[in-house]
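Everything on this sheet refers to the single structure shown next.
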Amino acid sequence: MLVAGLAAAGCGGGSSRAAPKLAAAVPAVAKRLLERQLDASKLDYTWIACVNVGRTYRHVPITRCNVDFGVDPHVEAYCVLLENGKLATNHTDPNIPCRHDGAGWDRTTITT
């Protein structure tokens with residue numbers, strides 16, 4: 001009787017969605033996918049530089065990409081990972097943490 005009541009209330013196990021498969025996006029992959037995403041959105045940017053930040057989201061390493069939109073200059077942080085093989089950012093999923101950190105200050109970054 002209790003099982004029937006739970007199923008009627010929508011508490012049955014058959015209707016739940018599987019959790020998304022999360023994976024790290026190494027800096028080169030993150031940059032390439034973010035360029036595609038920004039281009040598809042017709043956003044005008046000057047450069048993108050991506051670095052590992054040493055933080056995780058649900059135990060998956062996060063890569064931060066700084067995007068220069070060229071105004072003032074205006075650099076916007078995008079913290080990214082792959083969700084079911086597609087790029088997910090803190091702009092599309094605010095649960096992905098993207099606070100300020102010192103990652104990248106000890107490296108020379110060259111973009112082409």
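A note on labels: chains of the structure tokens are A, B, ... as shown, every chain counts residues from 1, and ligands are counted from 1 in their shown order.
The shell of residues at most 8 Å from Asn90 (chain A), with only C-alpha atoms counted and near chain neighbours (fewer than 6 positions) removed, consists of Tyr78, Cys79, Val80, Ile96, Pro97 and Cys98 of chain A.
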Save the residues we just selected, all heavy atoms, as a compact mmCIF listing (two decimals), in the first residue's frame?
```txt
# COMPACT_ATOMS: atom_id res chain seq x y z
N TYR A 78 35.47 32.89 -17.15
CA TYR A 78 34.58 31.76 -17.44
C TYR A 78 35.22 30.53 -16.81
O TYR A 78 36.31 30.12 -17.23
CB TYR A 78 34.43 31.53 -18.94
CG TYR A 78 33.56 32.52 -19.65
CD1 TYR A 78 34.00 33.80 -19.93
CD2 TYR A 78 32.28 32.16 -20.06
CE1 TYR A 78 33.19 34.71 -20.60
CE2 TYR A 78 31.47 33.06 -20.74
CZ TYR A 78 31.93 34.33 -21.00
OH TYR A 78 31.13 35.22 -21.66
N CYS A 79 34.60 29.95 -15.79
CA CYS A 79 35.09 28.71 -15.21
C CYS A 79 34.34 27.58 -15.89
O CYS A 79 33.10 27.60 -15.95
CB CYS A 79 34.90 28.72 -13.71
SG CYS A 79 36.00 29.92 -12.91
N VAL A 80 35.10 26.63 -16.42
CA VAL A 80 34.49 25.66 -17.33
C VAL A 80 34.85 24.22 -16.97
O VAL A 80 35.87 23.94 -16.35
CB VAL A 80 34.89 25.94 -18.79
CG1 VAL A 80 34.54 27.37 -19.18
CG2 VAL A 80 36.35 25.68 -19.04
N ILE A 96 28.74 26.31 -10.74
CA ILE A 96 30.17 26.11 -10.97
C ILE A 96 30.89 27.29 -10.32
O ILE A 96 30.69 28.43 -10.72
CB ILE A 96 30.49 26.01 -12.47
CG1 ILE A 96 29.76 24.82 -13.10
CG2 ILE A 96 32.00 25.92 -12.70
CD1 ILE A 96 29.87 24.75 -14.62
N PRO A 97 31.74 27.03 -9.32
CA PRO A 97 32.39 28.14 -8.61
C PRO A 97 33.42 28.84 -9.48
O PRO A 97 34.16 28.21 -10.23
CB PRO A 97 33.05 27.45 -7.41
CG PRO A 97 33.23 26.04 -7.82
CD PRO A 97 32.12 25.73 -8.78
N CYS A 98 33.47 30.17 -9.37
CA CYS A 98 34.39 30.94 -10.19
C CYS A 98 34.87 32.19 -9.45
O CYS A 98 34.93 33.26 -10.02
CB CYS A 98 33.73 31.32 -11.51
SG CYS A 98 34.93 31.75 -12.80
```
As a compact mmCIF listing (two decimals) with N, CA, C and O atoms, in the first residue's frame, please: the residues near Leu38 (chain A) (cut-off 12 Å, only C-alpha atoms, same-chain neighbours under 5 positions excluded).
```txt
# COMPACT_ATOMS: atom_id res chain seq x y z
N ALA A 30 39.29 23.63 -23.48
CA ALA A 30 38.40 24.67 -22.96
C ALA A 30 38.42 25.90 -23.85
O ALA A 30 37.37 26.45 -24.20
N LYS A 31 39.62 26.31 -24.27
CA LYS A 31 39.73 27.50 -25.13
C LYS A 31 39.02 27.28 -26.46
O LYS A 31 38.25 28.13 -26.92
N ARG A 32 39.27 26.14 -27.09
CA ARG A 32 38.66 25.86 -28.39
C ARG A 32 37.13 25.84 -28.30
O ARG A 32 36.43 26.45 -29.11
N LEU A 33 36.60 25.16 -27.28
CA LEU A 33 35.14 25.07 -27.13
C LEU A 33 34.52 26.41 -26.74
O LEU A 33 33.42 26.75 -27.20
N LEU A 43 29.51 37.05 -30.01
CA LEU A 43 30.14 37.96 -29.07
C LEU A 43 31.51 38.36 -29.60
O LEU A 43 32.24 37.55 -30.15
N ASP A 44 31.85 39.63 -29.44
CA ASP A 44 33.11 40.17 -29.94
C ASP A 44 34.13 40.18 -28.81
O ASP A 44 33.94 40.85 -27.79
N TYR A 45 35.21 39.42 -28.98
CA TYR A 45 36.25 39.35 -27.97
C TYR A 45 37.61 39.49 -28.64
O TYR A 45 37.75 39.28 -29.84
N THR A 46 38.62 39.87 -27.85
CA THR A 46 39.96 40.08 -28.37
C THR A 46 40.83 38.84 -28.19
O THR A 46 41.53 38.43 -29.10
N TRP A 47 40.81 38.26 -26.98
CA TRP A 47 41.59 37.06 -26.72
C TRP A 47 40.97 36.24 -25.61
O TRP A 47 40.14 36.72 -24.84
N ILE A 48 41.42 34.96 -25.56
CA ILE A 48 41.01 34.03 -24.51
C ILE A 48 42.28 33.35 -24.00
O ILE A 48 43.10 32.88 -24.80
N VAL A 67 38.47 36.00 -20.68
CA VAL A 67 38.09 36.49 -22.01
C VAL A 67 38.13 38.00 -21.99
O VAL A 67 37.47 38.64 -21.17
N ASP A 68 38.92 38.57 -22.91
CA ASP A 68 39.01 40.03 -23.03
C ASP A 68 38.00 40.49 -24.08
O ASP A 68 38.14 40.18 -25.25
N PHE A 69 36.99 41.22 -23.61
CA PHE A 69 35.98 41.74 -24.52
C PHE A 69 36.38 43.11 -25.05
O PHE A 69 35.61 43.75 -25.77
N TYR A 78 35.47 32.89 -17.15
CA TYR A 78 34.58 31.76 -17.44
C TYR A 78 35.22 30.53 -16.81
O TYR A 78 36.31 30.12 -17.23
N LEU A 87 30.53 21.85 -23.35
CA LEU A 87 31.08 22.87 -22.47
C LEU A 87 30.00 23.43 -21.54
O LEU A 87 28.93 23.81 -21.98
N THR A 89 29.73 26.33 -18.38
CA THR A 89 30.45 27.43 -17.76
C THR A 89 29.67 27.94 -16.55
O THR A 89 28.48 27.65 -16.40
N HIS A 91 28.63 30.75 -16.37
CA HIS A 91 27.60 31.65 -16.92
C HIS A 91 26.33 30.87 -17.27
O HIS A 91 25.24 31.43 -17.22
```
For Cys50 (chain A), work out the shell of residues within 6 Å, counting only C-alpha atoms and skipping chain neighbours fewer than 6 positions away, then give it as a list in words.
Pro27, Arg64 and Cys65 of chain A
Output the selection as a PDB file, in the first residue's frame - all heavy atoms for each residue.
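What ended up in again_28.pdb:
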```pdb
ATOM      1  N   PRO A  27      43.003  23.075 -20.575  1.00  0.00           N
ATOM      2  CA  PRO A  27      43.001  24.438 -21.107  1.00  0.00           C
ATOM      3  C   PRO A  27      42.877  24.551 -22.629  1.00  0.00           C
ATOM      4  O   PRO A  27      42.107  25.378 -23.120  1.00  0.00           O
ATOM      5  CB  PRO A  27      44.320  25.017 -20.600  1.00  0.00           C
ATOM      6  CG  PRO A  27      44.509  24.332 -19.284  1.00  0.00           C
ATOM      7  CD  PRO A  27      44.052  22.912 -19.537  1.00  0.00           C
ATOM      8  N   ARG A  64      39.779  27.780 -15.702  1.00  0.00           N
ATOM      9  CA  ARG A  64      39.273  29.152 -15.837  1.00  0.00           C
ATOM     10  C   ARG A  64      39.816  29.742 -17.124  1.00  0.00           C
ATOM     11  O   ARG A  64      40.997  29.677 -17.411  1.00  0.00           O
ATOM     12  CB  ARG A  64      39.704  30.033 -14.671  1.00  0.00           C
ATOM     13  CG  ARG A  64      39.024  31.429 -14.750  1.00  0.00           C
ATOM     14  CD  ARG A  64      39.581  32.445 -13.784  1.00  0.00           C
ATOM     15  NE  ARG A  64      40.917  32.840 -14.211  1.00  0.00           N
ATOM     16  CZ  ARG A  64      41.999  32.739 -13.451  1.00  0.00           C
ATOM     17  NH1 ARG A  64      41.932  32.251 -12.234  1.00  0.00           N
ATOM     18  NH2 ARG A  64      43.165  33.113 -13.914  1.00  0.00           N
ATOM     19  N   CYS A  65      38.915  30.336 -17.907  1.00  0.00           N
ATOM     20  CA  CYS A  65      39.307  31.051 -19.115  1.00  0.00           C
ATOM     21  C   CYS A  65      38.992  32.523 -18.911  1.00  0.00           C
ATOM     22  O   CYS A  65      37.863  32.875 -18.565  1.00  0.00           O
ATOM     23  CB  CYS A  65      38.548  30.526 -20.331  1.00  0.00           C
ATOM     24  SG  CYS A  65      38.908  28.811 -20.727  1.00  0.00           S
TER      25      CYS A  65
END
```
Return as a ChimeraX atom specification the full set of residues in region 11-112 of chain A whose backbone-based DSSP assignment is alpha helix (DSSP H).
/A:27-40
With N, CA, C and O atoms retained, write the just-selected residues as a PDB file, in the first residue's frame.
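Saved the output as selection08.pdb:
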```
ATOM      1  N   PRO A  27      43.003  23.075 -20.575  1.00  0.00           N
ATOM      2  CA  PRO A  27      43.001  24.438 -21.107  1.00  0.00           C
ATOM      3  C   PRO A  27      42.877  24.551 -22.629  1.00  0.00           C
ATOM      4  O   PRO A  27      42.107  25.378 -23.120  1.00  0.00           O
ATOM      5  N   ALA A  28      43.574  23.734 -23.404  1.00  0.00           N
ATOM      6  CA  ALA A  28      43.483  23.833 -24.872  1.00  0.00           C
ATOM      7  C   ALA A  28      42.083  23.494 -25.368  1.00  0.00           C
ATOM      8  O   ALA A  28      41.547  24.165 -26.259  1.00  0.00           O
ATOM      9  N   VAL A  29      41.474  22.478 -24.790  1.00  0.00           N
ATOM     10  CA  VAL A  29      40.107  22.089 -25.180  1.00  0.00           C
ATOM     11  C   VAL A  29      39.120  23.149 -24.715  1.00  0.00           C
ATOM     12  O   VAL A  29      38.209  23.531 -25.454  1.00  0.00           O
ATOM     13  N   ALA A  30      39.291  23.630 -23.482  1.00  0.00           N
ATOM     14  CA  ALA A  30      38.399  24.668 -22.957  1.00  0.00           C
ATOM     15  C   ALA A  30      38.421  25.897 -23.853  1.00  0.00           C
ATOM     16  O   ALA A  30      37.368  26.454 -24.196  1.00  0.00           O
ATOM     17  N   LYS A  31      39.616  26.314 -24.273  1.00  0.00           N
ATOM     18  CA  LYS A  31      39.732  27.497 -25.126  1.00  0.00           C
ATOM     19  C   LYS A  31      39.023  27.282 -26.462  1.00  0.00           C
ATOM     20  O   LYS A  31      38.253  28.134 -26.917  1.00  0.00           O
ATOM     21  N   ARG A  32      39.272  26.144 -27.087  1.00  0.00           N
ATOM     22  CA  ARG A  32      38.659  25.861 -28.391  1.00  0.00           C
ATOM     23  C   ARG A  32      37.132  25.836 -28.301  1.00  0.00           C
ATOM     24  O   ARG A  32      36.425  26.451 -29.110  1.00  0.00           O
ATOM     25  N   LEU A  33      36.598  25.160 -27.277  1.00  0.00           N
ATOM     26  CA  LEU A  33      35.141  25.073 -27.130  1.00  0.00           C
ATOM     27  C   LEU A  33      34.524  26.412 -26.741  1.00  0.00           C
ATOM     28  O   LEU A  33      33.425  26.751 -27.198  1.00  0.00           O
ATOM     29  N   LEU A  34      35.220  27.185 -25.907  1.00  0.00           N
ATOM     30  CA  LEU A  34      34.698  28.497 -25.527  1.00  0.00           C
ATOM     31  C   LEU A  34      34.707  29.442 -26.722  1.00  0.00           C
ATOM     32  O   LEU A  34      33.758  30.212 -26.907  1.00  0.00           O
ATOM     33  N   GLU A  35      35.748  29.388 -27.548  1.00  0.00           N
ATOM     34  CA  GLU A  35      35.768  30.197 -28.778  1.00  0.00           C
ATOM     35  C   GLU A  35      34.551  29.880 -29.638  1.00  0.00           C
ATOM     36  O   GLU A  35      33.876  30.793 -30.135  1.00  0.00           O
ATOM     37  N   ARG A  36      34.254  28.601 -29.814  1.00  0.00           N
ATOM     38  CA  ARG A  36      33.079  28.192 -30.606  1.00  0.00           C
ATOM     39  C   ARG A  36      31.792  28.734 -30.000  1.00  0.00           C
ATOM     40  O   ARG A  36      30.918  29.227 -30.715  1.00  0.00           O
ATOM     41  N   GLN A  37      31.687  28.638 -28.660  1.00  0.00           N
ATOM     42  CA  GLN A  37      30.475  29.107 -27.984  1.00  0.00           C
ATOM     43  C   GLN A  37      30.308  30.621 -28.129  1.00  0.00           C
ATOM     44  O   GLN A  37      29.212  31.111 -28.429  1.00  0.00           O
ATOM     45  N   LEU A  38      31.387  31.367 -27.939  1.00  0.00           N
ATOM     46  CA  LEU A  38      31.316  32.827 -28.057  1.00  0.00           C
ATOM     47  C   LEU A  38      31.040  33.255 -29.497  1.00  0.00           C
ATOM     48  O   LEU A  38      30.259  34.185 -29.737  1.00  0.00           O
ATOM     49  N   ASP A  39      31.686  32.583 -30.459  1.00  0.00           N
ATOM     50  CA  ASP A  39      31.441  32.884 -31.873  1.00  0.00           C
ATOM     51  C   ASP A  39      29.987  32.599 -32.252  1.00  0.00           C
ATOM     52  O   ASP A  39      29.358  33.385 -32.960  1.00  0.00           O
ATOM     53  N   ALA A  40      29.450  31.476 -31.768  1.00  0.00           N
ATOM     54  CA  ALA A  40      28.053  31.123 -32.071  1.00  0.00           C
ATOM     55  C   ALA A  40      27.090  32.154 -31.482  1.00  0.00           C
ATOM     56  O   ALA A  40      26.029  32.410 -32.055  1.00  0.00           O
TER      57      ALA A  40
END
```
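The spacing separating CA of Ala23 (chain A) from CA of Leu82 (chain A) amounts to 5.0 Å.
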Could you state the separation of CA of Val26 (chain A) and CA of Asp72 (chain A) in Å, given to one decimal place?
28.9 Å
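Computed from the coordinates, the CA of Ala24 (chain A) to CA of Thr63 (chain A) distance equals 7.5 Å.
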